[in-house]
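Peer 1: protein_10.cif (mmCIF, C-alpha atoms; chains and numbers go by the auth columns) pasted underneath:
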```
data_coords
#
loop_
_atom_site.group_PDB
_atom_site.id
_atom_site.type_symbol
_atom_site.label_atom_id
_atom_site.label_comp_id
_atom_site.label_asym_id
_atom_site.label_seq_id
_atom_site.Cartn_x
_atom_site.Cartn_y
_atom_site.Cartn_z
_atom_site.B_iso_or_equiv
_atom_site.auth_seq_id
_atom_site.auth_asym_id
ATOM 1 C CA MET A 1 284.367 -73.037 268.217 0.00 1 A
ATOM 2 C CA LYS A 2 283.390 -75.970 270.453 0.00 2 A
ATOM 3 C CA LEU A 3 285.085 -76.437 273.811 0.00 3 A
ATOM 4 C CA ILE A 4 285.416 -79.852 275.431 0.00 4 A
ATOM 5 C CA ASN A 5 285.702 -80.246 279.196 0.00 5 A
ATOM 6 C CA ILE A 6 288.790 -82.366 279.864 0.00 6 A
ATOM 7 C CA GLY A 7 288.309 -82.344 283.615 0.00 7 A
ATOM 8 C CA PHE A 8 288.604 -80.036 286.619 0.00 8 A
ATOM 9 C CA GLY A 9 287.321 -76.994 284.743 0.00 9 A
ATOM 10 C CA ASN A 10 289.861 -77.284 281.924 0.00 10 A
ATOM 11 C CA LEU A 11 288.616 -76.859 278.359 0.00 11 A
ATOM 12 C CA VAL A 12 290.153 -77.635 274.961 0.00 12 A
ATOM 13 C CA SER A 13 288.955 -76.488 271.545 0.00 13 A
ATOM 14 C CA SER A 14 287.680 -79.496 269.601 0.00 14 A
ATOM 15 C CA ASP A 15 288.580 -77.720 266.350 0.00 15 A
ATOM 16 C CA LYS A 16 292.283 -77.915 267.256 0.00 16 A
ATOM 17 C CA LEU A 17 292.403 -81.574 268.369 0.00 17 A
ATOM 18 C CA ILE A 18 294.130 -84.143 266.191 0.00 18 A
ATOM 19 C CA ALA A 19 294.060 -87.156 268.519 0.00 19 A
ATOM 20 C CA VAL A 20 293.151 -88.373 271.992 0.00 20 A
ATOM 21 C CA VAL A 21 295.337 -91.341 272.929 0.00 21 A
ATOM 22 C CA SER A 22 296.144 -93.521 275.903 0.00 22 A
ATOM 23 C CA PRO A 23 299.394 -92.604 277.684 0.00 23 A
ATOM 24 C CA ASP A 24 300.573 -96.205 278.118 0.00 24 A
ATOM 25 C CA SER A 25 302.511 -96.911 274.913 0.00 25 A
ATOM 26 C CA ALA A 26 306.185 -96.090 274.440 0.00 26 A
ATOM 27 C CA PRO A 27 305.643 -93.818 271.392 0.00 27 A
ATOM 28 C CA VAL A 28 303.128 -91.698 273.314 0.00 28 A
ATOM 29 C CA LYS A 29 305.482 -91.486 276.296 0.00 29 A
ATOM 30 C CA ARG A 30 308.169 -90.295 273.876 0.00 30 A
ATOM 31 C CA ILE A 31 305.824 -87.637 272.448 0.00 31 A
ATOM 32 C CA VAL A 32 305.056 -86.412 275.983 0.00 32 A
ATOM 33 C CA GLN A 33 308.776 -86.221 276.892 0.00 33 A
ATOM 34 C CA GLU A 34 309.655 -84.369 273.663 0.00 34 A
ATOM 35 C CA SER A 35 306.849 -81.860 274.139 0.00 35 A
ATOM 36 C CA LYS A 36 307.937 -81.303 277.746 0.00 36 A
ATOM 37 C CA SER A 37 311.512 -80.569 276.684 0.00 37 A
ATOM 38 C CA ASN A 38 310.240 -78.205 273.940 0.00 38 A
ATOM 39 C CA GLY A 39 307.915 -76.333 276.317 0.00 39 A
ATOM 40 C CA LEU A 40 304.774 -77.528 274.528 0.00 40 A
ATOM 41 C CA LEU A 41 303.316 -79.713 277.299 0.00 41 A
ATOM 42 C CA ILE A 42 300.191 -78.643 279.173 0.00 42 A
ATOM 43 C CA ASP A 43 299.453 -80.666 282.296 0.00 43 A
ATOM 44 C CA ALA A 44 295.723 -80.470 283.076 0.00 44 A
ATOM 45 C CA THR A 45 295.658 -83.460 285.446 0.00 45 A
ATOM 46 C CA CYS A 46 295.585 -81.370 288.649 0.00 46 A
ATOM 47 C CA GLY A 47 298.015 -83.801 290.283 0.00 47 A
ATOM 48 C CA ARG A 48 296.079 -86.937 289.387 0.00 48 A
ATOM 49 C CA LYS A 49 297.142 -89.876 287.223 0.00 49 A
ATOM 50 C CA CYS A 50 297.232 -89.140 283.486 0.00 50 A
ATOM 51 C CA LYS A 51 294.595 -91.214 281.662 0.00 51 A
ATOM 52 C CA SER A 52 294.662 -89.549 278.233 0.00 52 A
ATOM 53 C CA VAL A 53 296.952 -87.487 276.066 0.00 53 A
ATOM 54 C CA LEU A 54 295.465 -84.910 273.693 0.00 54 A
ATOM 55 C CA ILE A 55 297.520 -83.868 270.687 0.00 55 A
ATOM 56 C CA THR A 56 296.686 -80.565 269.013 0.00 56 A
ATOM 57 C CA GLU A 57 297.372 -79.324 265.506 0.00 57 A
ATOM 58 C CA ASN A 58 299.929 -76.768 266.721 0.00 58 A
ATOM 59 C CA ASN A 59 302.053 -79.541 268.366 0.00 59 A
ATOM 60 C CA HIS A 60 300.922 -78.818 271.929 0.00 60 A
ATOM 61 C CA VAL A 61 300.322 -81.907 274.050 0.00 61 A
ATOM 62 C CA VAL A 62 297.715 -81.813 276.823 0.00 62 A
ATOM 63 C CA LEU A 63 297.612 -84.347 279.663 0.00 63 A
ATOM 64 C CA SER A 64 294.216 -85.135 281.171 0.00 64 A
ATOM 65 C CA ALA A 65 293.058 -87.219 284.134 0.00 65 A
ATOM 66 C CA ILE A 66 289.852 -88.082 282.234 0.00 66 A
ATOM 67 C CA SER A 67 289.770 -91.295 280.166 0.00 67 A
ATOM 68 C CA CYS A 68 289.802 -91.293 276.368 0.00 68 A
ATOM 69 C CA GLU A 69 286.277 -92.748 276.335 0.00 69 A
ATOM 70 C CA ALA A 70 284.921 -89.980 278.565 0.00 70 A
ATOM 71 C CA ILE A 71 286.482 -87.321 276.330 0.00 71 A
ATOM 72 C CA GLN A 72 284.969 -89.033 273.282 0.00 72 A
ATOM 73 C CA ASN A 73 281.530 -89.012 274.921 0.00 73 A
ATOM 74 C CA ARG A 74 281.868 -85.341 275.816 0.00 74 A
ATOM 75 C CA THR A 75 282.901 -84.537 272.240 0.00 75 A
ATOM 76 C CA GLU A 76 279.891 -86.389 270.848 0.00 76 A
ATOM 77 C CA GLU A 77 277.580 -84.628 273.316 0.00 77 A
ATOM 78 C CA SER A 78 278.890 -81.201 272.306 0.00 78 A
ATOM 79 C CA GLU A 79 278.340 -82.070 268.626 0.00 79 A
ATOM 80 C CA GLU A 80 274.755 -83.172 269.361 0.00 80 A
ATOM 81 C CA HIS A 81 274.023 -79.892 271.149 0.00 81 A
ATOM 82 C CA LYS A 82 275.482 -77.984 268.218 0.00 82 A
ATOM 83 C CA ASP A 83 272.974 -79.589 265.831 0.00 83 A
ATOM 84 C CA GLU A 84 270.000 -78.535 267.961 0.00 84 A
#
```
Rewrite the coordinates I just gave you, this time as C-alpha coordinates.
Peer 2:
Amino acid sequence: MKLINIGFGNLVSSDKLIAVVSPDSAPVKRIVQESKSNGLLIDATCGRKCKSVLITENNHVVLSAISCEAIQNRTEESEEHKDE
(Lines of atoms letter the chains of each structure in order from A and count residues from 1; the text may use other names and numbers.)
(Lines give C-alpha, C1' and ligand atoms only; values in the text may rest on other atoms or scores of the structure.)
Protein backbone atom coordinates (compact mmCIF):
# COMPACT_ATOMS: atom_id res chain seq x y z
CA MET A 1 0.00 0.00 0.00
CA LYS A 2 1.40 3.39 -1.04
CA LEU A 3 0.36 6.52 0.83
CA ILE A 4 0.36 9.94 -0.82
CA ASN A 5 0.78 13.12 1.20
CA ILE A 6 -2.12 15.42 0.28
CA GLY A 7 -0.95 18.22 2.53
CA PHE A 8 -0.71 19.14 6.21
CA GLY A 9 0.18 15.62 7.31
CA ASN A 10 -2.84 14.01 5.64
CA LEU A 11 -2.27 10.82 3.66
CA VAL A 12 -4.40 8.91 1.14
CA SER A 13 -3.86 5.39 -0.18
CA SER A 14 -2.94 5.57 -3.86
CA ASP A 15 -4.44 2.10 -4.36
CA LYS A 16 -7.91 3.47 -3.56
CA LEU A 17 -7.79 6.62 -5.74
CA ILE A 18 -9.87 6.80 -8.90
CA ALA A 19 -9.34 10.45 -9.85
CA VAL A 20 -7.80 13.74 -8.78
CA VAL A 21 -9.75 16.63 -10.30
CA SER A 22 -9.97 20.39 -10.10
CA PRO A 23 -12.85 21.68 -7.95
CA ASP A 24 -13.89 24.43 -10.38
CA SER A 25 -16.38 22.69 -12.68
CA ALA A 26 -20.09 22.36 -11.93
CA PRO A 27 -20.14 18.53 -12.07
CA VAL A 28 -17.33 18.32 -9.51
CA LYS A 29 -19.10 20.83 -7.27
CA ARG A 30 -22.20 18.63 -7.52
CA ILE A 31 -20.18 15.53 -6.56
CA VAL A 32 -18.78 17.38 -3.52
CA GLN A 33 -22.27 18.52 -2.42
CA GLU A 34 -23.75 15.02 -2.84
CA SER A 35 -20.93 13.40 -0.89
CA LYS A 36 -21.34 16.00 1.87
CA SER A 37 -25.05 15.26 2.18
CA ASN A 38 -24.33 11.49 2.22
CA GLY A 39 -21.62 11.81 4.89
CA LEU A 40 -18.85 10.70 2.52
CA LEU A 41 -16.89 13.98 2.35
CA ILE A 42 -13.48 14.28 4.00
CA ASP A 43 -12.17 17.83 4.24
CA ALA A 44 -8.36 17.75 4.47
CA THR A 45 -7.83 21.42 3.57
CA CYS A 46 -7.19 22.58 7.16
CA GLY A 47 -9.25 25.71 6.51
CA ARG A 48 -7.49 26.68 3.29
CA LYS A 49 -8.90 26.99 -0.22
CA CYS A 50 -9.69 23.67 -1.92
CA LYS A 51 -7.41 23.16 -4.94
CA SER A 52 -8.12 19.50 -5.72
CA VAL A 53 -10.79 16.89 -5.18
CA LEU A 54 -9.79 13.25 -4.77
CA ILE A 55 -12.37 10.59 -5.57
CA THR A 56 -11.89 7.13 -4.10
CA GLU A 57 -13.22 3.76 -5.19
CA ASN A 58 -15.54 3.50 -2.17
CA ASN A 59 -17.30 6.80 -3.11
CA HIS A 60 -15.53 8.93 -0.49
CA VAL A 61 -14.53 12.39 -1.68
CA VAL A 62 -11.45 14.07 -0.19
CA LEU A 63 -10.81 17.81 -0.45
CA SER A 64 -7.18 18.95 -0.51
CA ALA A 65 -5.48 22.36 -0.46
CA ILE A 66 -2.67 20.95 -2.64
CA SER A 67 -2.94 21.34 -6.44
CA CYS A 68 -3.67 18.42 -8.75
CA GLU A 69 -0.20 18.77 -10.29
CA ALA A 70 1.51 18.56 -6.90
CA ILE A 71 -0.46 15.42 -6.02
CA GLN A 72 0.49 13.91 -9.38
CA ASN A 73 4.17 14.65 -8.73
CA ARG A 74 3.97 13.11 -5.27
CA THR A 75 2.29 10.01 -6.72
CA GLU A 76 5.00 9.64 -9.34
CA GLU A 77 7.71 10.10 -6.70
CA SER A 78 6.21 7.39 -4.49
CA GLU A 79 6.08 5.02 -7.48
CA GLU A 80 9.75 5.73 -8.28
CA HIS A 81 10.77 4.96 -4.69
CA LYS A 82 8.78 1.74 -4.83
CA ASP A 83 10.82 0.52 -7.82
CA GLU A 84 14.12 1.06 -6.01
Peer 1: Give me, please, the distance in Å between CA of Asn38 (chain A) and CA of Ile18 (chain A), quoted to one decimal.
Peer 2: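 Those two atoms sit 18.8 Å apart.
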Peer 1: Between CA of Ile55 (chain A) and CA of Asp15 (chain A), what is the distance, to one decimal in Å?
Peer 2: 11.7 Å
Peer 1: Just checking: using all atoms listed in the file, which residue out of A:Lys29, A:Glu77, A:Ala65, A:Glu57 ends up closest to Asn10 (chain A)?
Peer 2: A:Ala65
Peer 1: May I have the residues within 12 Å of Cys50 (chain A) as a PyMOL selection string, using all atoms listed in the file and disregarding those fewer than 5 positions away in the same chain?
Peer 2: chain A and resi 6-7+21-24+29+32+42-45+62-68
Peer 1: Please write out, as JSON, where the centre of an axis-aligned box around all listed atoms of region 61-76 of chain A lies and how long its edges are, in Å to one decimal, after adding 8 Å on each side.
Peer 2:
```
{"center_x": 290.1, "center_y": -87.3, "center_z": 277.5, "size_x": 36.4, "size_y": 26.9, "size_z": 29.3}
```
Peer 1: Show me, as a ChimeraX atom specification, the residues that have an atom within 7 Å of Thr56 (chain A) when counting all atoms listed in the file, minus same-chain residues fewer than 5 positions from it.
Peer 2: /A:16-18,61
Peer 1: Which residue is closest to Ser78 (chain A)? Choose from A:Phe8, A:Ser13, A:Arg48, A:Arg30 and count only C-alpha atoms.
Peer 2: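 Among A:Phe8, A:Ser13, A:Arg48, A:Arg30, it is A:Ser13 that comes nearest to Ser78 (chain A).
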Peer 1: Just the number, please: distance in Å from CA of Val28 (chain A) to CA of Lys2 (chain A), one decimal.
Peer 2: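 Calculated distance between CA of Val28 (chain A) and CA of Lys2 (chain A) is 25.4 Å.
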Peer 1: As a PyMOL selection string, please: the residues near Glu76 (chain A) (cut-off 12 Å, all atoms listed in the file, same-chain neighbours under 4 positions excluded).
Peer 2: chain A and resi 2-5+14+69-72+80-83
Peer 1: Between A:Leu41, A:Leu11, A:Ala26, A:Val20, which has the minimum distance to His60 (chain A) (counting all atoms listed in the file)?
Peer 2: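 Selected residue with least distance to His60 (chain A): A:Leu41.
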Peer 1: Which is closest to Ala19 (chain A) among A:Val53, A:Gln33, A:Gly39, A:Arg74, if we use all atoms listed in the file?
Peer 2: A:Val53
